[in-house]
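Chemist: I'd like to ask some things about the structure below.
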Amino acid sequence: MRQDQKFSFRFLFLIILIPIFSISGCGKNSNSNTAISDTGFYFDTAVTITLYGEENKQYIAQAFELCEYYENLFSKSIPTSDVSKINENSKSGIPVAVADDTFRLIQKSMEYAELSHGAFDITTGALSALWDFTGEHPKVPTETMISEYLRTVDYRTVSLDVNNKTVMLMNQGTILDLGGIVKGFIADRLKDYLKSLGIQNGIINLGGNILLLHEKPDGSPYNIGLQKPFGTGGETIATLQLADKSIVSSGIYERFFYENDKLYHHILDTATGYPVANDLLGVTIISDCSTDGDALSTTCFTLGPEEGLALIESLPRTEAVFITSDYRLTLSSGLKKADNIITLKE
């Protein structure tokens, strides 16, 4: 079967090296070197949490309960979610009272929309649905339909009332889609929760959004392989050695289809309504906060290699890897200086 008949989901390939060690951790950490993992399915993706010590398995289950809570708040496909209620009321322009976490996430989304001058925009829900990248038979919409749906895209039409914690869509037909930031936000909340239990070491993986809890129990960094765009069998293009960081990637190889031998990917240009057209295959963001990394990966991909790199260089404690169409890697200055962090494959 040809690839052009199906959309494709591609994620970071995670390599975890677990040596034999004895840890002297605190809180819920264990003296066991046993790594335990479990996987659940939330937000239309696999969520894998890895901790150390058999006695911590119960906390993975509790973390999944937290995932379910956030899915019920943020999913646009669950009718009772905050996001669904906001979208439903876009027809009438009625403010919707939302949970503190929902308000906080949308507020953060607006900050990145402002920072990127609309390159990052959570009001693309209707336009993304028109393209139907996750459907069985996606196809390129007509130019007329794209123009019509593009009118619903404008982050400036999202009205936030800080005092009453309400959200209102002022543009009829606008649909919020938090997919460009929500996994990062939830990863940060999971990390906060696990740290509150005294758990010091572990890995949170939300469908390729990787968030590291400190270092490995022996004090060494984790080894994270960056998947080669369109590679097969978990083929990697570079390896990162990191601790206590978020690693998030966006690229044209995640969801796409072919029509008339041309590739169409899911990262849409909010100015044209078509997939972003630049020289990039993917962008990986390394940051302290996964919410930031998630939003920045989409933002920097949309801005392109030059503007995207300039943005990264203006931000503290944030690094990036840009992969161009010829599979060359452009690194932000912090990665260039610290050659022990990243190893490029020949």
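Residue numbers start at 1 in each chain; chains themselves are named A, B, ... in the order of the structure tokens; ligands are numbered from 1 in the order shown.
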Could you tell me, as a ChimeraX atom specification, which residues of range 40-214 of chain A DSSP assigns to strand (DSSP E) when given the backbone?

Modeler: /A:40-42,45-52,96-97,158-161,166-169,202-206,209-213

Chemist: Determine, using only C-alpha atoms, which residues of range 259-308 of chain A have any atom at most 7 Å from an atom of range 163-181 of chain A, and tabulate each with its shortest atom pair and distance in Å to one decimal place, rows ordered by chain and then rising number, as a tab-separated table.

Modeler:
```
residue	atom	partner	partner_atom	distance
A:Thr291	CA	A:Ile181	CA	6.0
A:Asp294	CA	A:Ile181	CA	5.1
A:Ala295	CA	A:Ile181	CA	5.1
A:Thr298	CA	A:Gly180	CA	6.7
```

Chemist: Hey, what's within 10 Å of Ala310 in chain A if we count only C-alpha atoms and toss same-chain stuff fewer than 6 positions away? As an MDAnalysis selection string, please?

Modeler: chainID A and resid 300 303:304 332

Chemist: Would you output that residue set with C-alpha atoms, as a PDB file, in the first residue's frame?

Modeler:
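Result file is out-v5.pdb:
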```pdb
ATOM      1  CA  CYS A 300       9.066  27.905  15.162  1.00  0.00           C
ATOM      2  CA  LEU A 303       7.985  30.886  11.281  1.00  0.00           C
ATOM      3  CA  GLY A 304      10.635  28.926   9.397  1.00  0.00           C
ATOM      4  CA  SER A 332      20.612  26.975  18.496  1.00  0.00           C
TER       5      SER A 332
END
```

Chemist: One decimal, in Å: what's the spacing between CA of Asp288 in chain A and CA of Ile247 in chain A?

Modeler: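 Distance reported for this atom pair: 8.9 Å.
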
Chemist: Rank nothing, just name the residue among A:Leu197, A:Val182, A:Leu127, A:Val283 nearest to His266 in chain A, using only C-alpha atoms.

Modeler: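 Counting only C-alpha atoms, the residue closest to His266 in chain A is A:Leu127.
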
Chemist: Just checking: using only C-alpha atoms, which residue out of A:Ala119, A:Leu150, A:Ile60, A:Val140 ends up closest to His265 in chain A?

Modeler: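 Among the listed residues, the smallest separation from His265 in chain A belongs to A:Val140.
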
Chemist: Rank A:Leu296, A:Ala243, A:Leu281, A:Ile237 by their smallest atom-to-atom distance to Phe256 in chain A, using only C-alpha atoms, and report the top residue only.

Modeler: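 Using only C-alpha atoms, Phe256 in chain A sits closest to A:Leu281.
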